[in-house]
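Peer 1: My file is protein.txt. It has compact mmCIF, C-alpha atoms and all ligand atoms:
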# COMPACT_ATOMS: atom_id res chain seq x y z
CA MET N 48 -8.27 -30.35 -9.96
CA ASN N 49 -4.81 -29.06 -10.90
CA ALA N 50 -3.23 -26.45 -8.63
CA PRO N 51 -5.14 -23.20 -9.15
CA ASP N 52 -3.59 -20.49 -11.31
CA LEU N 53 -2.68 -17.61 -8.99
CA SER N 54 -1.05 -15.37 -11.60
CA VAL N 55 -2.52 -11.95 -12.35
CA GLU N 56 -1.94 -9.27 -14.95
CA LEU N 57 -1.57 -5.88 -13.32
CA CYS N 58 -0.73 -2.73 -15.25
CA GLY N 59 1.15 -4.65 -17.93
CA LEU N 60 3.06 -6.85 -15.47
CA THR N 61 2.45 -10.52 -14.74
CA LEU N 62 2.64 -11.23 -11.02
CA ARG N 63 3.06 -14.84 -9.82
CA ASN N 64 0.26 -14.20 -7.35
CA PRO N 65 -1.87 -11.20 -6.34
CA VAL N 66 -0.53 -10.88 -2.77
CA LEU N 67 2.03 -8.12 -2.12
CA ALA N 68 3.62 -6.83 1.07
CA ALA N 69 2.37 -3.31 1.94
CA SER N 70 4.47 -0.19 2.30
CA GLY N 71 5.86 0.62 5.74
CA THR N 72 5.33 -2.88 7.06
CA PHE N 73 8.05 -4.68 5.08
CA GLY N 74 10.94 -2.21 5.41
CA TYR N 75 13.02 -2.14 2.25
CA GLY N 76 12.51 -5.88 1.82
CA LEU N 77 16.12 -6.55 2.83
CA GLU N 78 15.18 -6.82 6.52
CA PHE N 79 12.94 -9.80 5.69
CA GLU N 80 15.38 -11.64 3.43
CA HIS N 81 16.56 -14.06 6.14
CA MET N 82 13.02 -14.76 7.45
CA VAL N 83 10.89 -15.01 4.33
CA ASP N 84 11.17 -16.73 0.97
CA LEU N 85 10.69 -13.59 -1.11
CA GLU N 86 9.76 -15.66 -4.14
CA THR N 87 6.48 -16.60 -2.44
CA LEU N 88 5.32 -12.99 -2.74
CA GLY N 89 3.52 -11.47 -5.69
CA GLY N 90 5.70 -8.42 -5.03
CA PHE N 91 6.38 -5.91 -2.33
CA VAL N 92 6.10 -2.20 -1.79
CA VAL N 93 9.00 -0.57 0.01
CA LYS N 94 8.70 1.99 2.79
CA GLY N 95 7.69 5.44 1.51
CA LEU N 96 10.63 7.45 0.15
CA SER N 97 11.09 11.21 0.18
CA ARG N 98 13.65 13.56 -1.39
CA GLU N 99 15.67 13.82 1.80
CA PRO N 100 16.01 11.37 4.71
CA ILE N 101 13.41 11.77 7.48
CA GLU N 102 14.04 10.67 11.08
CA GLY N 103 10.40 10.23 11.97
CA ASN N 104 8.38 11.07 15.07
CA ARG N 105 9.32 10.59 18.68
CA ALA N 106 8.37 7.43 20.61
CA PRO N 107 5.98 5.92 21.47
CA ARG N 108 5.00 5.65 17.81
CA LEU N 109 3.07 2.37 17.92
CA TRP N 110 0.15 1.28 20.07
CA GLU N 111 -1.61 -2.06 19.93
CA ALA N 112 -5.35 -1.30 20.00
CA GLU N 113 -8.23 -3.72 20.50
CA ALA N 114 -8.17 -5.26 17.02
CA GLY N 115 -5.41 -3.42 15.26
CA MET N 116 -2.60 -0.98 15.70
CA LEU N 117 -2.07 2.78 15.77
CA ASN N 118 1.14 4.16 14.32
CA SER N 119 2.68 7.54 13.92
CA VAL N 120 6.07 6.59 12.55
CA GLY N 121 6.22 9.93 10.76
CA LEU N 122 7.33 8.67 7.36
CA GLN N 123 10.83 7.83 8.57
CA ASN N 124 13.02 6.79 5.64
CA VAL N 125 16.56 6.90 4.29
CA GLY N 126 15.71 9.24 1.41
CA VAL N 127 15.62 8.38 -2.28
CA HIS N 128 19.35 8.78 -2.97
CA ALA N 129 20.45 6.38 -0.22
CA PHE N 130 17.77 3.92 -1.38
CA VAL N 131 19.09 3.92 -4.94
CA ARG N 132 22.71 3.70 -3.79
CA ASP N 133 22.47 1.19 -0.91
CA LYS N 134 19.27 -0.85 -1.18
CA LEU N 135 18.30 -1.11 -4.82
CA PRO N 136 21.46 -2.93 -6.00
CA VAL N 137 20.51 -5.86 -3.73
CA LEU N 138 16.78 -5.74 -4.49
CA ARG N 139 17.55 -5.80 -8.21
CA GLY N 140 18.95 -9.33 -7.84
CA TRP N 141 15.62 -10.73 -6.65
CA ARG N 142 13.01 -12.26 -8.88
CA THR N 143 10.20 -10.48 -7.07
CA PRO N 144 8.87 -7.17 -8.35
CA VAL N 145 9.76 -4.17 -6.20
CA PHE N 146 7.31 -1.27 -6.10
CA VAL N 147 8.41 1.99 -4.55
CA ASN N 148 6.11 4.05 -2.37
CA VAL N 149 6.73 7.78 -2.83
CA PHE N 150 5.59 10.79 -0.84
CA GLY N 151 6.24 14.50 -0.48
CA PHE N 152 4.81 17.74 0.80
CA ALA N 153 4.49 19.44 -2.58
CA ALA N 154 4.00 18.07 -6.10
CA GLU N 155 7.61 18.90 -6.94
CA ASP N 156 8.83 16.64 -4.09
CA TYR N 157 7.02 13.65 -5.60
CA CYS N 158 8.33 14.53 -9.05
CA GLU N 159 11.92 14.79 -7.88
CA VAL N 160 11.79 11.39 -6.11
CA VAL N 161 10.31 9.75 -9.22
CA ARG N 162 12.92 11.42 -11.46
CA VAL N 163 15.71 9.90 -9.37
CA LEU N 164 14.05 6.48 -9.26
CA ASP N 165 13.22 6.47 -12.94
CA ALA N 166 16.90 6.81 -13.82
CA ALA N 167 17.57 3.53 -11.94
CA GLU N 168 17.01 -0.05 -13.09
CA GLY N 169 15.11 -2.67 -11.11
CA ILE N 170 11.90 -0.92 -10.11
CA ALA N 171 8.61 -2.44 -11.24
CA GLY N 172 6.48 0.62 -10.53
CA TYR N 173 5.51 3.42 -8.19
CA GLU N 174 2.86 3.88 -5.54
CA LEU N 175 2.19 7.52 -4.61
CA ASN N 176 1.15 7.95 -1.01
CA VAL N 177 -1.21 10.93 -1.19
CA SER N 178 -2.16 10.85 2.50
CA CYS N 179 0.27 13.71 3.12
CA PRO N 180 -0.29 17.37 3.90
CA ASN N 181 0.26 19.64 0.90
CA THR N 182 2.33 22.45 2.42
CA GLN N 183 1.67 24.69 -0.59
CA HIS N 184 -2.10 24.39 -0.07
CA GLY N 185 -2.35 25.14 3.64
CA GLY N 186 -1.52 21.59 4.72
CA ILE N 187 -4.71 20.02 3.31
CA PHE N 188 -4.10 16.37 2.40
CA PHE N 189 -3.59 15.75 -1.34
CA SER N 190 -6.24 13.05 -1.12
CA ASN N 191 -8.78 15.60 0.16
CA ASP N 192 -8.03 18.22 -2.51
CA LEU N 193 -9.20 16.65 -5.76
CA PRO N 194 -7.78 19.20 -8.25
CA ALA N 195 -4.39 19.04 -6.49
CA LEU N 196 -4.56 15.24 -6.50
CA SER N 197 -5.27 15.08 -10.23
CA GLU N 198 -2.50 17.59 -11.00
CA LEU N 199 -0.03 15.71 -8.85
CA VAL N 200 -0.76 12.41 -10.60
CA ALA N 201 -0.59 14.07 -14.03
CA ALA N 202 2.76 15.68 -13.19
CA VAL N 203 4.26 12.35 -12.13
CA ARG N 204 2.62 10.59 -15.08
CA ARG N 205 4.56 12.83 -17.48
CA LEU N 206 7.84 11.66 -15.92
CA THR N 207 7.54 7.90 -16.20
CA ARG N 208 6.33 5.02 -18.32
CA ARG N 209 6.47 2.65 -15.36
CA PRO N 210 3.20 1.56 -13.72
CA LEU N 211 1.87 4.31 -11.49
CA TRP N 212 -0.41 3.48 -8.57
CA VAL N 213 -2.01 6.03 -6.32
CA LYS N 214 -2.60 5.01 -2.72
CA LEU N 215 -5.70 6.70 -1.40
CA SER N 216 -6.54 7.81 2.10
CA PRO N 217 -9.75 6.40 3.57
CA ASN N 218 -10.20 9.57 5.65
CA VAL N 219 -12.82 11.00 3.31
CA ALA N 220 -16.63 10.93 3.30
CA GLN N 221 -16.74 9.31 -0.15
CA ILE N 222 -13.93 7.40 -1.83
CA GLU N 223 -15.18 7.55 -5.43
CA PRO N 224 -14.30 11.22 -6.14
CA ALA N 225 -10.68 10.73 -5.01
CA ALA N 226 -10.41 7.46 -6.95
CA LEU N 227 -11.75 9.17 -10.09
CA ALA N 228 -9.37 12.12 -9.64
CA ALA N 229 -6.44 9.70 -9.55
CA GLN N 230 -7.70 7.92 -12.67
CA GLU N 231 -8.20 11.23 -14.46
CA GLY N 232 -4.63 12.24 -13.63
CA GLY N 233 -3.37 9.13 -15.42
CA ALA N 234 -2.94 6.55 -12.64
CA ASP N 235 -2.69 2.92 -13.79
CA ALA N 236 -4.24 1.64 -10.54
CA VAL N 237 -5.33 2.85 -7.14
CA SER N 238 -4.45 1.12 -3.91
CA LEU N 239 -6.67 1.50 -0.90
CA VAL N 240 -6.80 1.84 1.97
CA ASN N 241 -4.15 3.67 3.93
CA THR N 242 -4.64 3.99 7.70
CA PHE N 243 -7.59 5.65 9.46
CA ILE N 244 -6.77 8.67 11.64
CA ALA N 245 -7.39 7.53 15.21
CA LEU N 246 -6.77 8.28 18.87
CA ALA N 247 -5.88 5.96 21.73
CA ILE N 248 -5.98 7.33 25.28
CA ASP N 249 -4.37 6.27 28.54
CA ALA N 250 -7.17 7.03 31.03
CA LYS N 251 -4.82 7.10 34.02
CA THR N 252 -2.44 9.73 32.64
CA ARG N 253 -5.12 11.27 30.37
CA ARG N 254 -2.54 11.38 27.62
CA PRO N 255 -2.60 9.93 24.12
CA ARG N 256 -0.88 6.56 23.80
CA ILE N 257 1.04 7.94 20.80
CA ALA N 258 3.57 10.66 21.59
CA ASN N 259 2.35 12.89 18.77
CA GLY N 260 -1.36 12.55 19.63
CA PHE N 261 -3.16 10.93 16.70
CA GLY N 262 -2.04 7.80 14.90
CA GLY N 263 -3.14 5.78 11.86
CA LEU N 264 -5.27 2.72 12.65
CA SER N 265 -4.53 -0.46 10.69
CA GLY N 266 -5.11 -4.19 11.09
CA PRO N 267 -8.21 -6.41 11.40
CA ALA N 268 -10.33 -3.58 12.88
CA ILE N 269 -10.39 -1.72 9.56
CA LYS N 270 -11.08 -4.65 7.22
CA PRO N 271 -14.85 -4.23 6.83
CA ILE N 272 -14.50 -0.51 6.07
CA ALA N 273 -11.68 -1.18 3.62
CA LEU N 274 -13.80 -3.82 1.86
CA ARG N 275 -16.64 -1.36 1.47
CA MET N 276 -14.32 1.27 -0.01
CA VAL N 277 -12.63 -1.21 -2.37
CA TYR N 278 -16.05 -2.30 -3.61
CA GLN N 279 -17.15 1.31 -4.19
CA ALA N 280 -13.91 2.32 -5.92
CA ALA N 281 -13.84 -0.77 -8.13
CA ARG N 282 -17.36 -0.04 -9.35
CA ALA N 283 -16.49 3.56 -10.15
CA LEU N 284 -13.18 3.01 -11.97
CA ARG N 285 -11.88 1.61 -15.27
CA ILE N 286 -8.39 1.05 -13.80
CA PRO N 287 -7.64 -1.77 -11.33
CA VAL N 288 -7.94 -1.49 -7.57
CA ILE N 289 -5.38 -3.00 -5.22
CA GLY N 290 -7.09 -3.74 -1.92
CA LEU N 291 -5.69 -3.71 1.58
CA GLY N 292 -6.66 -3.16 5.16
CA GLY N 293 -6.55 -5.88 7.79
CA ILE N 294 -5.74 -8.81 5.52
CA ALA N 295 -4.29 -11.66 7.59
CA SER N 296 -5.50 -14.85 5.88
CA GLY N 297 -6.14 -16.29 2.44
CA GLU N 298 -9.85 -15.94 2.94
CA ASP N 299 -9.43 -12.25 3.83
CA ALA N 300 -7.56 -11.81 0.52
CA ALA N 301 -10.36 -13.65 -1.31
CA GLU N 302 -12.91 -11.24 0.18
CA PHE N 303 -11.03 -8.23 -1.26
CA LEU N 304 -10.82 -9.87 -4.68
CA ILE N 305 -14.53 -10.64 -4.58
CA ALA N 306 -15.17 -6.98 -3.65
CA GLY N 307 -13.40 -6.03 -6.89
CA ALA N 308 -9.67 -5.79 -6.12
CA ARG N 309 -7.30 -7.13 -8.80
CA ALA N 310 -4.51 -7.63 -6.24
CA VAL N 311 -4.09 -7.20 -2.49
CA GLN N 312 -1.46 -6.13 0.03
CA VAL N 313 -0.70 -7.41 3.52
CA GLY N 314 0.45 -4.83 6.08
CA THR N 315 0.06 -5.05 9.84
CA ALA N 316 -0.15 -8.87 9.82
CA SER N 317 3.61 -8.87 9.03
CA PHE N 318 4.21 -7.38 12.50
CA TRP N 319 3.02 -10.56 14.25
CA ASP N 320 3.92 -12.98 11.44
CA PRO N 321 6.81 -11.83 9.23
CA GLY N 322 5.89 -14.58 6.76
CA ALA N 323 2.26 -13.38 6.54
CA THR N 324 2.34 -12.23 2.88
CA GLY N 325 3.59 -15.60 1.56
CA ARG N 326 1.25 -17.46 3.90
CA VAL N 327 -1.75 -15.45 2.69
CA ALA N 328 -0.83 -16.38 -0.92
CA ARG N 329 -0.60 -20.09 0.05
CA GLU N 330 -3.87 -19.97 1.92
CA LEU N 331 -5.52 -18.25 -1.03
CA ALA N 332 -4.39 -21.14 -3.25
CA GLY N 333 -5.87 -23.59 -0.69
CA PHE N 334 -9.15 -21.67 -0.65
CA LEU N 335 -9.39 -21.78 -4.46
CA SER N 336 -8.67 -25.53 -4.52
CA ARG N 337 -11.31 -26.27 -1.89
CA GLN N 338 -13.82 -24.10 -3.75
CA LYS N 339 -12.84 -25.72 -7.08
CA ILE N 340 -12.03 -22.34 -8.62
CA PRO N 341 -9.34 -22.77 -11.31
CA ARG N 342 -8.03 -19.19 -11.56
CA VAL N 343 -7.73 -16.50 -8.93
CA THR N 344 -8.97 -13.96 -11.47
CA ASP N 345 -12.30 -15.84 -11.47
CA LEU N 346 -12.98 -14.29 -8.05
CA VAL N 347 -12.47 -10.65 -9.02
CA GLY N 348 -15.58 -8.51 -8.70
CA THR N 349 -17.96 -11.41 -8.13
CA LEU N 350 -19.70 -10.06 -5.03
CA ARG N 351 -23.37 -11.00 -5.02
CA MET N 352 -24.64 -7.71 -3.67
CA PRO N 353 -28.38 -7.70 -2.98
C1 LIG C 1 4.05 1.11 10.78
C2 LIG C 1 3.37 1.43 9.48
C3 LIG C 1 4.03 2.23 8.54
C4 LIG C 1 3.40 2.54 7.32
N1 LIG C 1 4.06 3.30 6.40
C5 LIG C 1 3.46 3.58 5.20
C6 LIG C 1 4.16 4.31 4.19
O1 LIG C 1 5.33 4.69 4.32
N2 LIG C 1 3.49 4.60 3.03
C7 LIG C 1 2.19 4.18 2.82
O2 LIG C 1 1.62 4.46 1.77
N3 LIG C 1 1.53 3.44 3.75
C8 LIG C 1 2.14 3.14 4.93
N4 LIG C 1 1.46 2.40 5.87
C9 LIG C 1 0.08 1.94 5.59
C10 LIG C 1 0.04 0.47 5.16
O3 LIG C 1 0.78 0.25 3.99
C11 LIG C 1 -1.43 0.02 4.95
O4 LIG C 1 -2.03 0.84 3.97
C12 LIG C 1 -2.29 0.09 6.19
O5 LIG C 1 -1.54 -0.29 7.34
C13 LIG C 1 -3.55 -0.80 6.07
O6 LIG C 1 -3.23 -2.14 5.83
P1 LIG C 1 -3.08 -3.25 7.03
O7 LIG C 1 -4.31 -3.14 7.85
O8 LIG C 1 -2.90 -4.56 6.34
O9 LIG C 1 -1.86 -2.83 7.80
C14 LIG C 1 2.08 2.07 7.08
C15 LIG C 1 1.43 1.27 8.04
C16 LIG C 1 2.06 0.95 9.21
C17 LIG C 1 1.33 0.07 10.21
Written as structure tokens, that's how I'd like the structure from this file.

Peer 2:
Amino acid sequence: MNAPDLSVELCGLTLRNPVLAASGTFGYGLEFEHMVDLETLGGFVVKGLSREPIEGNRAPRLWEAEAGMLNSVGLQNVGVHAFVRDKLPVLRGWRTPVFVNVFGFAAEDYCEVVRVLDAAEGIAGYELNVSCPNTQHGGIFFSNDLPALSELVAAVRRLTRRPLWVKLSPNVAQIEPAALAAQEGGADAVSLVNTFIALAIDAKTRRPRIANGFGGLSGPAIKPIALRMVYQAARALRIPVIGLGGIASGEDAAEFLIAGARAVQVGTASFWDPGATGRVARELAGFLSRQKIPRVTDLVGTLRMP
């Protein structure tokens, strides 16, 4: 059999493969330039950007748990203006699509960041991180307030023609209502999952392992829950789902595609293997060859659920 076709169409873009690096785990891409052949990636999502720079939470901000990691980095970032001025000119030279993760604490924050980004060349699309407290609605997360979520997406939708993804929080009883609210607001795709709110404790000191108390759990521990949510969201939506949560191998990626994801992202695995995203894409190609599957798209949504 010829080499399998890994290319995918996603929101009007053709990606060389469906494996992207996830936001917050791949910096601004530039940090990985000397370690990773960026042209092995389907694309990457940069660290979440806000209107103004944010310093982040105090240390310790990371804790290695049994089968994953807790983090409470606190959305540290350089701010949208410094990104456009200092990082984007370099990223623009690469032949790998750059998606920008955006967050805020009110709808207007998201809108302002997207306005600034939309005036700049070299961005393939946006991913809105809606796992943030909405300070104008008593701090309730956008992802848990469906009318606010839909309005937020609609407000950003009016500002841009670029692909607009909405990254959903898994910290909800049911994922379908949030996924549908994002679709209704005009999202082109949803990505899921973000991290699970968690707590690690040092029994000797009786203190949390993370300075701020709670952290977001990511890595292999969350993969089965993420797969379940991707499956449920993909069944409920017309728009594509981008799946992530604990992906560390080509076969993990295949599982997400089979569950219904059109593309996948690799996050925490980059912490122990900076080349993980490219490796996952290579391993996915190997899996397809061994299974005699000609196109990666042949896997999408093929779960044989009883
Ligand atoms: C240190 C760290 C920082 C992260 N920062 C962001 C972020 O800025 N925006 C975002 O949407 N997700 C962020 N995430 C979530 C990841 O992109 C991903 O959704 C999550 O970790 C699950 O995937 P994984 O198990 O492959 O890591 C971050 C995750 C980690 C571990």

Peer 1: So that I can see what lies close to Tyr157 (chain N), please list as JSON, numbers by chain the residues with an atom at most 10 Å from it, counting only C-alpha atoms and leaving out residues fewer than 6 positions away in the same chain.

Peer 2: {"N": [96, 97, 98, 149, 150, 151, 175, 176, 177, 199, 200, 202, 203]}

Peer 1: Neighbours of ligand LIG 1 (chain C) at 7 Å or closer, counting only C-alpha atoms and all ligand atoms: which residues, as a VMD selection string?

Peer 2: chain N and resid 69 to 72 94 to 95 116 118 120 122 148 176 214 239 to 242 265 to 267 269 to 270 291 to 294 312 to 316

Peer 1: Hey, can you check how far CA of Thr324 (chain N) sits from CA of Lys134 (chain N)?

Peer 2: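 Spanning CA of Thr324 (chain N) to CA of Lys134 (chain N) is a straight-line distance of 20.8 Å.
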
Peer 1: Figure out the distance between CA of Glu231 (chain N) and CA of Glu56 (chain N), please, to one decimal in Å.

Peer 2: 21.4 Å

Peer 1: Name the residues within 12 Å of (6.5, 3.0, -19.8), counting all atoms listed in the file in the file's coordinates, and put them as a PyMOL selection string.

Peer 2: chain N and resi 58-60+165+170-173+204-211+235

Peer 1: Quick one: residues within 10 Å of Ile286 (chain N), all atoms listed in the file, excluding same-chain residues fewer than 2 positions away - as number ranges by chain?

Peer 2: N: 57-58, 212, 226-227, 229-230, 233-237, 280-281, 283-284, 288-289, 309

Peer 1: Restrict the selected residues to C-alpha atoms and save them as a PDB file, in the frame of the given file.

Peer 2:
ATOM      1  CA  LEU N  57      -1.570  -5.880 -13.320  1.00  0.00           C
ATOM      2  CA  CYS N  58      -0.730  -2.730 -15.250  1.00  0.00           C
ATOM      3  CA  TRP N 212      -0.410   3.480  -8.570  1.00  0.00           C
ATOM      4  CA  ALA N 226     -10.410   7.460  -6.950  1.00  0.00           C
ATOM      5  CA  LEU N 227     -11.750   9.170 -10.090  1.00  0.00           C
ATOM      6  CA  ALA N 229      -6.440   9.700  -9.550  1.00  0.00           C
ATOM      7  CA  GLN N 230      -7.700   7.920 -12.670  1.00  0.00           C
ATOM      8  CA  GLY N 233      -3.370   9.130 -15.420  1.00  0.00           C
ATOM      9  CA  ALA N 234      -2.940   6.550 -12.640  1.00  0.00           C
ATOM     10  CA  ASP N 235      -2.690   2.920 -13.790  1.00  0.00           C
ATOM     11  CA  ALA N 236      -4.240   1.640 -10.540  1.00  0.00           C
ATOM     12  CA  VAL N 237      -5.330   2.850  -7.140  1.00  0.00           C
ATOM     13  CA  ALA N 280     -13.910   2.320  -5.920  1.00  0.00           C
ATOM     14  CA  ALA N 281     -13.840  -0.770  -8.130  1.00  0.00           C
ATOM     15  CA  ALA N 283     -16.490   3.560 -10.150  1.00  0.00           C
ATOM     16  CA  LEU N 284     -13.180   3.010 -11.970  1.00  0.00           C
ATOM     17  CA  VAL N 288      -7.940  -1.490  -7.570  1.00  0.00           C
ATOM     18  CA  ILE N 289      -5.380  -3.000  -5.220  1.00  0.00           C
ATOM     19  CA  ARG N 309      -7.300  -7.130  -8.800  1.00  0.00           C
TER      20      ARG N 309
END

Peer 1: Give me, as a list in words, all polymer residues having an atom no more than 9 Å from Thr349 (chain N), counting only C-alpha atoms and skipping those fewer than 5 positions away in the same chain.

Peer 2: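 With the cut-off at 9 Å, the set is Leu304, Ile305, Ala306 and Gly307 of chain N.
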
Peer 1: One number please: CA of Pro321 (chain N) to CA of Phe73 (chain N), in Å, one decimal.

Peer 2: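 Between CA of Pro321 (chain N) and CA of Phe73 (chain N) the gap is 8.4 Å.
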
Peer 1: Please identify all polymer residues within 7 Å of Gly89 (chain N), counting only C-alpha atoms, omitting same-chain residues fewer than 4 positions from it, and present them as a VMD selection string.

Peer 2: chain N and resid 62 to 67 143

Peer 1: Give me the residues within 9 Å of Gln183 (chain N) as an MDAnalysis selection string, counting all atoms listed in the file and dropping any in the same chain fewer than 6 places off.

Peer 2: chainID N and resid 152:154

Peer 1: Using C-alpha atoms, can you write the selected residues to a file as a PDB file, in the coordinates of the input?

Peer 2:
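File selection.pdb, as written:
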ATOM      1  CA  PHE N 152       4.810  17.740   0.800  1.00  0.00           C
ATOM      2  CA  ALA N 153       4.490  19.440  -2.580  1.00  0.00           C
ATOM      3  CA  ALA N 154       4.000  18.070  -6.100  1.00  0.00           C
TER       4      ALA N 154
END

Peer 1: Would you mind writing region 223-240 of chain N with N, CA and C atoms, as an mmCIF file, keeping the file's coordinate frame?

Peer 2:
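Saved the output as selection.cif:
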data_model
loop_
_atom_site.group_PDB
_atom_site.id
_atom_site.type_symbol
_atom_site.label_atom_id
_atom_site.label_comp_id
_atom_site.auth_asym_id
_atom_site.auth_seq_id
_atom_site.Cartn_x
_atom_site.Cartn_y
_atom_site.Cartn_z
ATOM 1 N N GLU N 223 -15.138 7.525 -3.959
ATOM 2 C CA GLU N 223 -15.180 7.550 -5.430
ATOM 3 C C GLU N 223 -14.582 8.812 -6.038
ATOM 4 N N PRO N 224 -14.878 10.023 -5.507
ATOM 5 C CA PRO N 224 -14.300 11.220 -6.140
ATOM 6 C C PRO N 224 -12.770 11.203 -6.143
ATOM 7 N N ALA N 225 -12.154 10.766 -5.057
ATOM 8 C CA ALA N 225 -10.680 10.730 -5.010
ATOM 9 C C ALA N 225 -10.158 9.669 -5.983
ATOM 10 N N ALA N 226 -10.844 8.532 -6.040
ATOM 11 C CA ALA N 226 -10.410 7.460 -6.950
ATOM 12 C C ALA N 226 -10.504 7.951 -8.402
ATOM 13 N N LEU N 227 -11.581 8.662 -8.722
ATOM 14 C CA LEU N 227 -11.750 9.170 -10.090
ATOM 15 C C LEU N 227 -10.727 10.257 -10.412
ATOM 16 N N ALA N 228 -10.385 11.074 -9.415
ATOM 17 C CA ALA N 228 -9.370 12.120 -9.640
ATOM 18 C C ALA N 228 -8.024 11.481 -9.958
ATOM 19 N N ALA N 229 -7.701 10.394 -9.290
ATOM 20 C CA ALA N 229 -6.440 9.700 -9.550
ATOM 21 C C ALA N 229 -6.452 9.109 -10.968
ATOM 22 N N GLN N 230 -7.566 8.510 -11.326
ATOM 23 C CA GLN N 230 -7.700 7.920 -12.670
ATOM 24 C C GLN N 230 -7.571 9.007 -13.744
ATOM 25 N N GLU N 231 -8.237 10.119 -13.498
ATOM 26 C CA GLU N 231 -8.200 11.230 -14.460
ATOM 27 C C GLU N 231 -6.782 11.769 -14.642
ATOM 28 N N GLY N 232 -6.013 11.766 -13.558
ATOM 29 C CA GLY N 232 -4.630 12.240 -13.630
ATOM 30 C C GLY N 232 -3.711 11.300 -14.392
ATOM 31 N N GLY N 233 -4.183 10.069 -14.643
ATOM 32 C CA GLY N 233 -3.370 9.130 -15.420
ATOM 33 C C GLY N 233 -2.826 7.967 -14.617
ATOM 34 N N ALA N 234 -3.398 7.704 -13.433
ATOM 35 C CA ALA N 234 -2.940 6.550 -12.640
ATOM 36 C C ALA N 234 -3.277 5.254 -13.386
ATOM 37 N N ASP N 235 -2.422 4.245 -13.205
ATOM 38 C CA ASP N 235 -2.690 2.920 -13.790
ATOM 39 C C ASP N 235 -3.499 2.046 -12.841
ATOM 40 N N ALA N 236 -3.471 2.390 -11.547
ATOM 41 C CA ALA N 236 -4.240 1.640 -10.540
ATOM 42 C C ALA N 236 -4.347 2.515 -9.306
ATOM 43 N N VAL N 237 -5.317 2.217 -8.460
ATOM 44 C CA VAL N 237 -5.330 2.850 -7.140
ATOM 45 C C VAL N 237 -5.195 1.753 -6.101
ATOM 46 N N SER N 238 -4.471 2.048 -5.028
ATOM 47 C CA SER N 238 -4.450 1.120 -3.910
ATOM 48 C C SER N 238 -5.176 1.785 -2.753
ATOM 49 N N LEU N 239 -5.961 0.998 -2.054
ATOM 50 C CA LEU N 239 -6.670 1.500 -0.900
ATOM 51 C C LEU N 239 -7.024 0.325 -0.007
ATOM 52 N N VAL N 240 -6.835 0.551 1.325
ATOM 53 C CA VAL N 240 -6.800 1.840 1.970
ATOM 54 C C VAL N 240 -5.486 2.052 2.720
#
